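Student: Before I ask anything, let me first share the structure, which is written out below as structure tokens.
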Number of protein chains: 2
Amino acid sequence: MPLQDHHQIMSVDDHLIEHPRVWQDRLPAKWLSAAPKIIEDENRHHQWEFEGRLFPQIGLNAVAGKDPRDYGMEPVRYEDMIPGCYDAGARIQDMDLDGVHAAMCYPSFPGFAGRVFHQAADKDLAQLCVEAWNDFSTDEWAASAPGRLIPLAMVPLWDTALAVKEIQRTATKGARGITFPENPTPLGLPSFHTTHWDTVFSALEDAGMPLCLHFGSSSHVPGFADDAPWAVSISMYATNLMWTTSDLLFSGILQRHPRLKVVLAEGGIGWIPYVLERCDYTWERHRWYQDIDKNVRPSELFAKHFYGCFIDDDHGVTNREGIGIDRITFEVDYPHSDSNWPNTRKRAAEVFVDVPDEEVHKIVELNFRELFNVR
Amino acid sequence: MPLQDHHQIMSVDDHLIEHPRVWQDRLPAKWLSAAPKIIEDENRHHQWEFEGRLFPQIGLNAVAGKDPRDYGMEPVRYEDMIPGCYDAGARIQDMDLDGVHAAMCYPSFPGFAGRVFHQAADKDLAQLCVEAWNDFSTDEWAASAPGRLIPLAMVPLWDTALAVKEIQRTATKGARGITFPENPTPLGLPSFHTTHWDTVFSALEDAGMPLCLHFGSSSHVPGFADDAPWAVSISMYATNLMWTTSDLLFSGILQRHPRLKVVLAEGGIGWIPYVLERCDYTWERHRWYQDIDKNVRPSELFAKHFYGCFIDDDHGVTNREGIGIDRITFEVDYPHSDSNWPNTRKRAAEVFVDVPDEEVHKIVELNFRELFNVR
């Protein structure tokens, strides 16, 4: 029995679909007409409207429990989704059904790290929208099930001083992690090879909140060919996080921020031993003529700062020693298409069949508690 | 003794630096002034000149045997290189010193797959340049050491009818593989998701020559940030080949060309089990609503068509069963910075210490012989 009944599965990466009143309930009256709202399009599909742009609710965002033969990409109406997508009470019931104790939930319409608000024309409005999402995440969504829905927050990406304030404000309100673009450069922001983000990272260190990087959150779609079937990008999204891992390992950020923790969300873990070996090999041979740390191996930095996670990754689990048992967390990805819901616990029992109890306990629960300071 | 004395190391990926007369010796008199030539720049560095552009000899291309502390990026003169870079006789001596029996050598100045000639303004000239490189590769370089320097050829990328003819012509002359961009789209060419290349792939099948994809040959540089140290891109080049692997597995090409063999050159192998698991997972869940094969798993296609290779990849060797012993080949990468020359055989003995003899024999020698039909 490698997955024991008393092991509480805590998912570092689930998703919530914002209900129609998230912003309408929170923004000051003068901003309400400009705030994000749900409209019904000519096909009777629900879409978000914000600053004149429409944002479909993509079907793959809410297919948990469906037969893959019924997956599609078309936008949907709220009533086409299972209620656990947008209703916290229903979510807890779905987690109970799945044998999952706790979940950290990423935003949907704003992008996994608040890209939509970063791209807004009116930055005063955008700031209010960021704050409203965070208030919703902490005060409504997570507050409905303390210790089970663990609140995440986003930051205004366009202004590091505002981002620092929002980290401090949300930390006080109980947020446990900050979602941030897997990489800032595709959004036109300064790269990890500048000192631009240092105040943000220092604020995260002081707040004890990890930097949570969800694949796809930068808007970068991996792959060469625009005419490839979407399966190519789906299968390759982890390469975004490989690039970011190498960026951070060679950036100097981790040396300047010794307490910073980095979460690679939905990236899988099977690639990590290869990438660490490759980064070390590169460091061995190429550090002398470049502005990179001459003394600390990339794999040592990884072991100190990074956390990977997985839904279903046999190769990664088999090679867990090369990743670090303390570096691995678990995820459910409800309600997305990669999720095993409502069979997460059943599948986990299969995946962990050859793994010692204490290692399973760390991976599914204890590493999460340590990482996000949830006791 | 897992690496036995009678195991002949055959490298699927080495490099030659073209000597100054490769084109000057071969093009018709009226083209000689336009043909690639070596000039000496104001710093007394040697550079190639072609159609008014200058192409430096990058230092990292010729650092085999140097201490990494002396690596640099500056262009060099021929006399700064070890002669085995450009002299076939000296190359054989260096291979003997390294305990290496055979090597397939990629082009340098034209790019690993002839990118420079594809980008040429005068396509008649470019075609002559492609033919001249192939004649040099087969009739001069490889002919000087039959069975030890195994000839590779390039094709005119801008015209598939010409490419087919060049495949047939070079096959007759003894070429054993065709170097092709790891992905055509960064060069502005039709993607692997079109039927554009089908005649080329059919010609390769008929000639029994593998499609050899060297990382970097598409000109795509992996990584998000332009201001990253070069170590980031160096460590991440294999992600180009991951994308291409997924492209090909989901393209339908392998179903239309059941005898096509694909070589992933310099990509390492440690990532392969993760990528195959991930492609299968994607296929399981997402094949129904896309135009992809509904019956054959990506990992089955890989097992039938692909060959990986590695210089130094402990994780890959440990997980060789998940890649396929018959799918793995070995490389030296002489004279580049990743090479272990002159210690290839010594390092191989360490890498293979826990691998059964018959598996080592396949990886270092027999798979190469089968793949390239070298008996």
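Just remember, in the structure tokens the first chain shown is A, the second B, etc., residues are 1-based per chain, and ligands are 1-based in the order shown.
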Which residues come within 12 Å of Trp141 of chain A, counting only C-alpha atoms, excluding same-chain residues fewer than 4 positions away, as an MDAnalysis selection string?
Tutor: chainID A and resid 15:19 22 84:92 103:107 133:137 145:153 175
Student: Over all C-alpha pairs taken in order, what is the RMSD once chain A has been least-squares superposed onto chain B?
Tutor: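 The root-mean-square deviation of C-alpha positions is 0.0 Å.
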Student: Tell me the residues of chain B close to chain A, meaning within 7 Å using only C-alpha atoms, as a compact mmCIF listing (two decimals) with N, CA and C atoms, in the first residue's frame.
Tutor:
```txt
# COMPACT_ATOMS: atom_id res chain seq x y z
N PRO B 68 38.63 23.97 -21.24
CA PRO B 68 37.46 24.86 -21.32
C PRO B 68 37.76 26.30 -20.91
N ARG B 69 38.76 26.51 -20.06
CA ARG B 69 39.10 27.88 -19.67
C ARG B 69 39.61 28.70 -20.84
N TYR B 71 38.25 28.35 -23.97
CA TYR B 71 37.22 28.48 -25.01
C TYR B 71 36.90 29.95 -25.22
N GLY B 72 36.58 30.27 -26.44
CA GLY B 72 36.12 31.62 -26.73
C GLY B 72 35.28 31.58 -27.98
N THR B 185 10.59 25.08 -41.17
CA THR B 185 9.83 26.34 -41.08
C THR B 185 10.67 27.56 -40.71
N SER B 191 6.15 23.36 -43.88
CA SER B 191 6.37 22.56 -42.67
C SER B 191 6.24 21.07 -42.95
N HIS B 193 3.99 19.42 -41.85
CA HIS B 193 2.55 19.12 -41.85
C HIS B 193 1.93 19.37 -43.23
N GLY B 223 15.19 29.29 -26.55
CA GLY B 223 15.26 30.17 -25.40
C GLY B 223 14.43 31.42 -25.59
N PHE B 224 14.00 31.99 -24.45
CA PHE B 224 13.12 33.15 -24.50
C PHE B 224 13.85 34.48 -24.68
N ALA B 225 14.98 34.61 -24.02
CA ALA B 225 15.54 35.95 -23.82
C ALA B 225 16.76 36.20 -24.68
N ASP B 227 18.86 38.44 -24.22
CA ASP B 227 19.99 38.87 -23.39
C ASP B 227 20.48 37.76 -22.45
N ALA B 228 20.03 36.54 -22.68
CA ALA B 228 20.52 35.41 -21.87
C ALA B 228 21.96 35.10 -22.23
N PRO B 229 22.75 34.62 -21.26
CA PRO B 229 24.07 34.12 -21.64
C PRO B 229 23.91 32.93 -22.58
N ALA B 231 24.98 30.14 -22.59
CA ALA B 231 24.82 28.84 -21.92
C ALA B 231 23.37 28.36 -21.95
N VAL B 232 22.43 29.29 -21.91
CA VAL B 232 21.01 28.90 -21.92
C VAL B 232 20.67 28.20 -23.23
N ILE B 234 22.81 26.89 -25.40
CA ILE B 234 23.60 25.65 -25.54
C ILE B 234 22.91 24.51 -24.80
N SER B 235 22.46 24.79 -23.59
CA SER B 235 21.86 23.72 -22.77
C SER B 235 20.51 23.28 -23.31
N MET B 236 19.86 24.13 -24.10
CA MET B 236 18.48 23.87 -24.52
C MET B 236 18.33 23.46 -25.99
N THR B 239 15.75 20.96 -27.26
CA THR B 239 14.31 21.23 -27.36
C THR B 239 13.90 21.43 -28.82
N TRP B 243 10.73 19.30 -30.39
CA TRP B 243 9.64 19.84 -31.20
C TRP B 243 9.52 19.09 -32.53
N SER B 246 8.01 15.64 -32.06
CA SER B 246 6.56 15.71 -31.94
C SER B 246 5.92 16.05 -33.28
N ASP B 247 6.51 17.01 -34.00
CA ASP B 247 6.01 17.34 -35.35
C ASP B 247 5.90 16.09 -36.21
N PHE B 250 3.28 13.44 -35.16
CA PHE B 250 1.87 13.82 -35.37
C PHE B 250 1.60 14.31 -36.80
N GLY B 270 18.52 11.51 -23.17
CA GLY B 270 17.90 11.44 -21.85
C GLY B 270 16.47 11.96 -21.81
N TRP B 271 16.10 12.78 -22.77
CA TRP B 271 14.75 13.36 -22.81
C TRP B 271 13.75 12.45 -23.52
N PRO B 273 12.52 9.25 -23.23
CA PRO B 273 11.41 8.56 -22.55
C PRO B 273 10.31 9.52 -22.10
N TYR B 274 10.70 10.69 -21.58
CA TYR B 274 9.69 11.67 -21.17
C TYR B 274 8.85 12.11 -22.36
N ARG B 278 4.89 11.59 -22.96
CA ARG B 278 4.05 12.78 -23.09
C ARG B 278 3.29 12.80 -24.42
N CYS B 279 3.95 12.40 -25.49
CA CYS B 279 3.26 12.34 -26.79
C CYS B 279 2.16 11.28 -26.77
N THR B 282 -0.76 12.68 -24.79
CA THR B 282 -1.49 13.64 -25.63
C THR B 282 -2.34 12.92 -26.66
N ARG B 285 -5.54 11.35 -25.31
CA ARG B 285 -6.61 12.26 -24.93
C ARG B 285 -7.06 13.19 -26.02
N HIS B 286 -6.21 13.46 -26.99
CA HIS B 286 -6.53 14.55 -27.93
C HIS B 286 -6.57 14.13 -29.39
N TRP B 288 -8.95 12.57 -30.99
CA TRP B 288 -10.26 12.41 -31.62
C TRP B 288 -10.72 13.61 -32.40
N TYR B 289 -10.37 14.80 -31.94
CA TYR B 289 -10.89 16.01 -32.60
C TYR B 289 -9.86 16.67 -33.51
N GLN B 290 -8.74 15.96 -33.78
CA GLN B 290 -7.70 16.53 -34.63
C GLN B 290 -7.40 15.58 -35.78
N ASP B 291 -6.74 16.14 -36.81
CA ASP B 291 -6.40 15.33 -37.98
C ASP B 291 -5.09 14.59 -37.72
N HIS B 315 21.84 9.83 -17.75
CA HIS B 315 20.41 9.56 -17.54
C HIS B 315 19.84 8.74 -18.70
```
Student: Counting only C-alpha atoms, what are the residues of segment 304-361 of chain A within 6 Å of segment 2-12 of chain A, and for each of them which pair of atoms is the nearest and at what distance in Å, to one decimal? Sort the table by chain and rising number, as CSV.
Tutor:
```
residue,atom,partner,partner_atom,distance
A:Phe330,CA,A:Ser11,CA,5.5
A:Glu331,CA,A:Ser11,CA,4.1
A:Val332,CA,A:Ser11,CA,5.6
A:Ala349,CA,A:Leu3,CA,5.5
A:Val353,CA,A:Pro2,CA,5.7
A:Pro356,CA,A:Pro2,CA,5.9
A:Asp357,CA,A:Pro2,CA,4.7
A:His361,CA,A:His7,CA,5.8
```
Student: Among the residues of segment 47-97 of chain B, find those DSSP assigns to helix (DSSP H, G or I) from the backbone and print them as JSON, numbers by chain.
Tutor: {"B": [59, 60, 61, 62, 68, 69, 70, 78, 79, 80, 83, 84, 85, 88, 89, 90, 91, 92, 93, 94, 95, 96, 97]}
Student: Grab the atom CA of Phe112 of chain B to atom CA of Leu260 of chain B distance for me, in Å with one decimal place.
Tutor: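 Atom CA of Phe112 of chain B sits 20.2 Å away from atom CA of Leu260 of chain B.
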Student: By how many Å are atom CA of Glu51 of chain A and atom CA of Glu131 of chain A apart?
Tutor: 17.3 Å
Student: Enter the distance from atom CA of Glu266 of chain B to atom CA of Thr160 of chain B, in Å, rounded to one decimal.
Tutor: 25.9 Å
Student: Report as a list in words: the residues of segment 149-269 of chain A with a DSSP assignment of strand (DSSP E), based on the backbone of this structure.
Tutor: Leu149, Ile150, Leu152, Ala153, Gly177, Ile178, Thr179, Phe180, Pro181, Leu211, Cys212, Leu213, His214, Val262, Val263, Leu264 and Ala265 of chain A
Student: Let me see the file: selected residues, N, CA and C atoms, as a tab-separated table (two decimals), in the first residue's frame.
Tutor:
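Final file, part_26.tsv:
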```
chain	number	residue	atom	x	y	z
A	149	LEU	N	-8.86	24.75	-0.08
A	149	LEU	CA	-8.61	25.58	-1.26
A	149	LEU	C	-7.57	26.61	-0.84
A	150	ILE	N	-6.37	26.47	-1.38
A	150	ILE	CA	-5.22	27.26	-0.92
A	150	ILE	C	-5.04	28.43	-1.88
A	152	LEU	N	-4.04	31.44	-4.25
A	152	LEU	CA	-2.98	31.95	-5.11
A	152	LEU	C	-3.34	33.40	-5.43
A	153	ALA	N	-2.34	34.21	-5.73
A	153	ALA	CA	-2.61	35.59	-6.14
A	153	ALA	C	-1.77	35.95	-7.36
A	177	GLY	N	0.88	31.71	-2.61
A	177	GLY	CA	1.82	31.69	-3.73
A	177	GLY	C	1.44	32.79	-4.71
A	178	ILE	N	2.41	33.20	-5.54
A	178	ILE	CA	2.15	34.21	-6.56
A	178	ILE	C	2.32	33.56	-7.93
A	179	THR	N	1.26	33.64	-8.74
A	179	THR	CA	1.38	33.16	-10.11
A	179	THR	C	2.02	34.25	-10.95
A	180	PHE	N	2.99	33.84	-11.75
A	180	PHE	CA	3.83	34.78	-12.50
A	180	PHE	C	4.07	34.15	-13.87
A	181	PRO	N	4.23	34.94	-14.93
A	181	PRO	CA	4.45	34.32	-16.26
A	181	PRO	C	5.66	33.39	-16.24
A	211	LEU	N	7.32	31.58	-6.17
A	211	LEU	CA	7.06	32.08	-7.52
A	211	LEU	C	6.51	30.89	-8.32
A	212	CYS	N	5.23	30.98	-8.70
A	212	CYS	CA	4.56	29.85	-9.35
A	212	CYS	C	4.46	30.09	-10.85
A	213	LEU	N	5.16	29.26	-11.61
A	213	LEU	CA	5.24	29.44	-13.07
A	213	LEU	C	4.46	28.32	-13.75
A	214	HIS	N	3.33	28.68	-14.31
A	214	HIS	CA	2.50	27.67	-14.97
A	214	HIS	C	2.80	27.65	-16.46
A	262	VAL	N	10.80	28.31	-6.47
A	262	VAL	CA	10.20	28.36	-7.80
A	262	VAL	C	9.40	27.08	-8.04
A	263	VAL	N	8.13	27.25	-8.40
A	263	VAL	CA	7.26	26.12	-8.69
A	263	VAL	C	7.03	26.05	-10.20
A	264	LEU	N	7.33	24.91	-10.79
A	264	LEU	CA	7.08	24.68	-12.21
A	264	LEU	C	5.75	23.94	-12.33
A	265	ALA	N	4.69	24.67	-12.70
A	265	ALA	CA	3.35	24.10	-12.64
A	265	ALA	C	2.95	23.47	-13.98
```
Student: My list of candidates is A:Cys129, A:Ile82, A:Ala121, A:Phe372. Which is closest to Lys37 of chain A when distances are computed with only C-alpha atoms?
Tutor: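 Of A:Cys129, A:Ile82, A:Ala121, A:Phe372, the one nearest Lys37 of chain A is A:Cys129, counting only C-alpha atoms.
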